[in-house]
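Chemist: Just so it is clear, I am handing over upload_6.cif, which has mmCIF, C-alpha atoms.
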```
data_structure
#
loop_
_atom_site.label_atom_id
_atom_site.label_comp_id
_atom_site.auth_asym_id
_atom_site.auth_seq_id
_atom_site.Cartn_x
_atom_site.Cartn_y
_atom_site.Cartn_z
CA SER F 1 -10.87 -7.04 11.23
CA LEU F 2 -7.42 -7.05 9.63
CA ARG F 3 -5.79 -8.47 12.78
CA LYS F 4 -8.15 -11.44 12.88
CA LEU F 5 -7.51 -12.13 9.19
CA VAL F 6 -3.74 -12.09 9.82
CA ARG F 7 -4.10 -14.58 12.69
CA LEU F 8 -6.39 -16.83 10.66
CA GLY F 9 -4.04 -16.75 7.68
CA CYS F 10 -1.03 -17.69 9.79
CA SER F 11 -2.96 -20.59 11.35
CA VAL F 12 -4.06 -21.92 7.96
CA LEU F 13 -0.50 -21.77 6.59
CA VAL F 14 0.82 -23.67 9.59
CA LEU F 15 -1.82 -26.39 9.25
CA ILE F 16 -1.15 -26.76 5.52
CA SER F 17 2.60 -27.06 6.15
CA VAL F 18 2.09 -29.76 8.79
CA ASN F 19 -0.50 -31.85 6.95
CA CYS F 20 0.81 -31.63 3.39
CA TYR F 21 4.56 -31.44 3.77
CA GLY F 22 5.14 -33.23 7.04
CA PHE F 23 6.84 -30.28 8.69
CA THR F 24 7.25 -30.44 12.42
CA ILE F 25 6.79 -27.46 14.66
CA PRO F 26 9.32 -27.11 17.44
CA PRO F 27 7.88 -26.54 20.90
CA VAL F 28 7.45 -22.87 21.71
CA SER F 29 6.97 -21.55 25.20
CA THR F 30 3.95 -19.46 26.06
CA LYS F 31 6.17 -16.43 26.63
CA ASN F 32 7.80 -16.73 23.20
CA ALA F 33 4.46 -17.30 21.51
CA ARG F 34 3.06 -14.14 23.05
CA ALA F 35 6.14 -12.19 21.94
CA ILE F 36 5.79 -13.44 18.36
CA SER F 37 2.08 -12.58 18.32
CA LYS F 38 2.76 -9.10 19.70
CA THR F 39 5.40 -8.47 17.01
CA LEU F 40 3.01 -9.50 14.24
CA LEU F 41 0.24 -7.30 15.62
CA MET F 42 2.57 -4.29 15.96
CA SER F 43 3.68 -4.70 12.34
CA THR F 44 0.06 -4.83 11.21
CA SER F 45 -0.83 -1.82 13.35
CA GLN F 46 2.02 0.23 11.84
CA LYS F 47 0.78 -0.53 8.32
CA GLU F 48 -2.72 0.56 9.32
CA ASP F 49 -1.43 3.79 10.91
CA LYS F 50 0.16 4.92 7.63
CA PHE F 51 -3.29 5.43 6.16
CA SER F 52 -5.23 6.33 9.28
CA PHE F 53 -7.65 9.23 9.69
CA GLY F 54 -4.84 11.27 11.25
CA GLN F 55 -2.72 10.84 8.13
CA ARG F 56 -5.62 12.05 5.99
CA ILE F 57 -5.82 15.19 8.11
CA GLU F 58 -2.08 15.73 7.60
CA SER F 59 -2.57 15.39 3.84
CA ILE F 60 -5.33 18.02 3.92
CA LYS F 61 -3.08 20.40 5.87
CA THR F 62 -0.29 19.68 3.39
CA GLY F 63 -2.52 20.51 0.43
CA ILE F 64 -3.57 23.81 2.00
CA VAL F 65 0.05 24.81 2.62
CA GLY F 66 1.03 23.95 -0.96
CA LEU F 67 -2.02 25.78 -2.32
CA PHE F 68 -1.21 29.09 -0.65
CA ALA F 69 2.60 28.91 -0.65
CA GLY F 70 2.82 27.87 -4.29
CA GLY F 71 0.21 30.39 -5.41
CA ILE F 72 1.87 33.28 -3.59
CA ALA F 73 5.29 32.39 -4.98
CA LEU F 74 3.92 32.09 -8.53
CA THR F 75 1.76 35.25 -8.61
CA PRO F 76 4.37 37.98 -9.31
CA ALA F 77 6.32 35.95 -11.87
CA SER F 78 3.15 34.93 -13.68
CA PHE F 79 1.95 38.55 -13.71
CA ILE F 80 5.16 39.79 -15.33
CA HIS F 81 5.13 36.96 -17.86
CA ASP F 82 1.49 37.23 -18.94
CA ILE F 83 1.11 41.01 -18.81
CA PHE F 84 4.46 42.25 -20.16
CA PHE F 85 6.08 39.35 -22.02
CA GLY F 86 3.12 37.28 -23.22
CA GLY F 87 3.50 38.40 -26.83
CA THR F 88 1.09 37.03 -29.40
CA MET F 89 0.69 33.79 -27.43
CA VAL F 90 -1.36 35.51 -24.71
CA GLN F 91 -4.57 37.06 -26.06
CA ASN F 92 -6.41 38.08 -22.88
CA ARG F 93 -3.50 38.95 -20.62
CA LEU F 94 -5.23 39.76 -17.33
CA ALA F 95 -7.61 36.81 -17.54
CA GLN F 96 -4.73 34.51 -18.50
CA TRP F 97 -2.76 35.69 -15.47
CA GLU F 98 -5.72 34.94 -13.19
CA PHE F 99 -6.16 31.50 -14.72
CA ASP F 100 -2.45 30.66 -14.52
CA THR F 101 -2.33 31.71 -10.86
CA ASP F 102 -5.39 29.65 -9.94
CA MET F 103 -4.16 26.55 -11.75
CA GLY F 104 -0.68 27.03 -10.29
CA SER F 105 -2.14 27.07 -6.79
CA LEU F 106 -3.87 23.74 -7.44
CA GLN F 107 -0.62 22.34 -8.83
CA GLY F 108 1.14 23.52 -5.67
CA ALA F 109 -1.39 21.63 -3.53
CA VAL F 110 -0.89 18.40 -5.49
CA PHE F 111 2.89 18.84 -5.37
CA ALA F 112 2.90 19.33 -1.60
CA ILE F 113 0.94 16.12 -1.04
CA VAL F 114 3.28 14.13 -3.30
CA TYR F 115 6.30 15.81 -1.66
CA ARG F 116 5.13 14.66 1.79
CA TYR F 117 4.76 11.07 0.61
CA CYS F 118 8.23 11.10 -1.01
CA VAL F 119 10.18 12.89 1.74
CA ARG F 120 9.49 10.65 4.74
CA GLU F 121 10.57 10.37 8.34
CA ASP F 122 14.28 9.68 8.99
CA ASP F 123 15.04 10.56 5.36
CA ASP F 124 17.35 13.55 4.85
CA ASN F 125 18.28 12.77 1.25
CA GLU F 126 18.66 16.18 -0.41
CA GLN F 127 18.90 14.60 -3.86
CA LEU F 128 15.47 13.02 -3.39
CA ASN F 129 13.99 16.37 -2.34
CA GLN F 130 15.50 18.13 -5.33
CA GLY F 131 14.49 15.29 -7.65
CA VAL F 132 10.82 15.62 -6.68
CA ILE F 133 10.92 19.38 -7.25
CA GLY F 134 12.81 18.98 -10.55
CA ALA F 135 10.31 16.43 -11.87
CA PHE F 136 7.38 18.80 -11.30
CA VAL F 137 9.29 21.79 -12.69
CA LEU F 138 10.26 19.94 -15.87
CA THR F 139 6.75 18.58 -16.45
CA ARG F 140 5.03 21.95 -16.02
CA THR F 141 7.65 23.79 -18.09
CA LEU F 142 7.35 21.54 -21.13
CA CYS F 143 3.55 21.26 -20.98
CA LYS F 144 3.07 25.05 -21.10
CA ILE F 145 5.10 25.57 -24.29
CA GLN F 146 2.88 26.51 -27.25
CA VAL F 147 4.00 25.75 -30.80
CA PRO F 148 3.83 28.86 -33.06
CA SER F 149 1.47 28.80 -36.04
CA TYR F 150 4.31 29.03 -38.58
CA CYS F 151 5.88 25.69 -37.55
CA SER F 152 5.63 22.77 -39.96
CA ALA F 153 4.74 19.28 -38.73
CA ALA F 154 5.96 15.71 -39.31
CA PRO F 155 8.77 16.36 -38.58
CA LEU F 156 8.31 19.45 -36.45
CA ASP F 157 10.36 22.36 -37.77
CA CYS F 158 10.06 25.86 -36.32
CA GLY F 159 13.23 27.39 -37.70
CA SER F 160 16.36 28.68 -36.05
CA PRO F 161 18.21 28.13 -33.86
CA LEU F 162 17.40 24.43 -33.25
CA GLY F 163 14.74 23.58 -35.78
CA TYR F 164 12.55 21.75 -33.26
CA PHE F 165 12.73 24.75 -30.92
CA ASP F 166 12.84 28.31 -32.19
CA TRP F 167 13.53 31.43 -30.15
CA SER F 168 9.87 31.86 -29.25
CA MET F 169 9.64 28.38 -27.78
CA ILE F 170 12.96 28.77 -25.97
CA SER F 171 11.78 32.02 -24.36
CA GLN F 172 8.55 30.30 -23.34
CA ALA F 173 10.56 27.49 -21.74
CA ALA F 174 12.71 30.02 -19.87
CA PHE F 175 9.73 31.94 -18.45
CA ASN F 176 7.77 28.78 -17.68
CA GLY F 177 10.81 27.22 -16.03
CA LEU F 178 11.28 30.24 -13.79
CA GLU F 179 7.60 30.25 -12.84
CA SER F 180 7.65 26.51 -12.11
CA ALA F 181 10.80 26.76 -10.00
CA LEU F 182 9.22 29.51 -7.90
CA LEU F 183 5.93 27.63 -7.64
CA PHE F 184 7.23 24.25 -6.54
CA GLY F 185 10.34 25.57 -4.80
CA GLY F 186 8.19 27.91 -2.71
CA ALA F 187 5.81 25.09 -1.81
CA ALA F 188 8.74 22.83 -0.83
CA LEU F 189 10.28 25.55 1.37
CA ALA F 190 6.95 26.09 3.10
CA MET F 191 6.61 22.34 3.69
CA ASP F 192 10.12 22.09 5.15
CA GLU F 193 9.36 25.00 7.48
CA CYS F 194 6.15 23.31 8.61
CA TYR F 195 8.13 20.12 9.28
CA ARG F 196 10.68 22.09 11.32
CA ARG F 197 8.02 23.79 13.44
CA GLY F 198 6.04 20.61 13.91
CA TRP F 199 2.90 21.95 12.22
CA ILE F 200 2.85 19.04 9.78
CA SER F 201 4.32 15.58 10.36
CA LYS F 202 6.28 13.68 7.77
CA PHE F 203 4.78 10.52 6.33
CA PRO F 204 6.05 7.48 8.27
#
```
Would you mind writing the file out in structure tokens?

Modeler:
Amino acid sequence: SLRKLVRLGCSVLVLISVNCYGFTIPPVSTKNARAISKTLLMSTSQKEDKFSFGQRIESIKTGIVGLFAGGIALTPASFIHDIFFGGTMVQNRLAQWEFDTDMGSLQGAVFAIVYRYCVREDDDNEQLNQGVIGAFVLTRTLCKIQVPSYCSAAPLDCGSPLGYFDWSMISQAAFNGLESALLFGGAALAMDECYRRGWISKFP
């Protein structure tokens, strides 16, 4: 087991230090030796507990919360975007809305699991919470932008107002950013509420 390996490793290091470098070991009472051993075992046990079966169950619960909370938050915004404002970029509007909602739910599940690992016990850093949400929002927003067919490549030029970004791409970024903020923000709010009620525990 891991505990036996830790004990064996410590013993080997002590013997090497004594035989090779001439180090002397000060006398240690039986009481102190037991206290040192107990401290080492507790430290090892805490490392094991972080990835125990119970923590895996908490991760599954976290993924389920993110799946439903993120999907529910995304659904109305995605419907409005794909059905009414999709333009020429969305060919099959209803099917695209269904696909976007399903994929958004999966993204919400992944986000919730990562959020739990980042926002840990005894950590009330609001900037860290917002940073995790912002990273997911930015990544999803940029990845969903589609370059119009009239853009020229190397270097990319799509016309006014910015050359690299035209009005079509800017509007895509705005809609995608709103969707992403609702998706990941909704999942984060649901996770915080589960933490508050004790339904899900924070990662130690």

Chemist: What does the structure give for the distance between atom CA of F:Leu67 and atom CA of F:Gln107, in Å to one decimal?

Modeler: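 These atoms are spaced 7.5 Å apart.
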
Chemist: So that I can check the surroundings of F:Thr88, please list as a list in words every protein, DNA and RNA residue that reaches within 12 Å of it, counting all atoms listed in the file and ignoring chain neighbours fewer than 5 positions away.

Modeler: Asp82, Ile83, Arg93, Gln146, Val147, Pro148, Ser149, Ser168 and Gln172 of chain F

Chemist: Those selected residues, please, written with C-alpha atoms and delivered as a short mmCIF file (atom, residue, chain, number, x, y, z; two decimals), keeping the file's coordinate frame.

Modeler:
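See selection_10.cif below for the written result:
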```cif
data_model
loop_
_atom_site.label_atom_id
_atom_site.label_comp_id
_atom_site.auth_asym_id
_atom_site.auth_seq_id
_atom_site.Cartn_x
_atom_site.Cartn_y
_atom_site.Cartn_z
CA ASP F 82 1.49 37.23 -18.94
CA ILE F 83 1.11 41.01 -18.81
CA ARG F 93 -3.50 38.95 -20.62
CA GLN F 146 2.88 26.51 -27.25
CA VAL F 147 4.00 25.75 -30.80
CA PRO F 148 3.83 28.86 -33.06
CA SER F 149 1.47 28.80 -36.04
CA SER F 168 9.87 31.86 -29.25
CA GLN F 172 8.55 30.30 -23.34
#
```

Chemist: List the residues matched by the PyMOL selection byres ((chain F and resi 130) around 12) in the displayed structure as a ChimeraX atom specification, ordered by chain and then by residue number.

Modeler: /F:115,118-119,124-129,131-138,181,184-185,188-189

Chemist: Could you state the separation of atom CA of F:Tyr117 and atom CA of F:Asp192 in Å, given to one decimal place?

Modeler: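 Interatomic distance here is 13.1 Å.
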
Chemist: Looking at all atoms listed in the file, which of F:Ala187, F:Met89, F:Leu94, F:Cys194 is the one that sits closest to F:Phe68?

Modeler: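 Of the candidates, the smallest distance to F:Phe68 is held by F:Ala187.
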
Chemist: Could you jot down the atom CA of F:Gly186 to atom CA of F:Arg56 separation for me, Å, one decimal place?

Modeler: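 Atom-to-atom, atom CA of F:Gly186 and atom CA of F:Arg56 are spaced 22.8 Å apart.
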
Chemist: With 8 Å of padding per side, what axis-aligned box (centre and edge lengths, Å, one decimal) covers all the listed atoms of stretch 101-113 of chain F? Give it as JSON.

Modeler:
```
{"center_x": -1.2, "center_y": 23.9, "center_z": -6.4, "size_x": 24.3, "size_y": 31.6, "size_z": 26.7}
```

Chemist: Applying the PyMOL selection byres ((chain F and resi 195) around 12) to the file I just gave you, which residues come out? Please list them as a list in words.

Modeler: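 In the shown coordinates, the PyMOL selection byres ((chain F and resi 195) around 12) covers Glu58, Lys61, Thr62, Val65, Tyr115, Arg116, Val119, Arg120, Glu121, Ala188, Leu189, Ala190, Met191, Asp192, Glu193, Cys194, Arg196, Arg197, Gly198, Trp199, Ile200, Ser201, Lys202 and Phe203 of chain F.
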
Chemist: Need the shell around F:Glu98: protein/DNA/RNA residues with any atom at most 9 Å away, counting all atoms listed in the file. Skip same-chain ones fewer than 3 positions apart. Format as a PyMOL selection string?

Modeler: chain F and resi 75+78-79+93-95+101-103
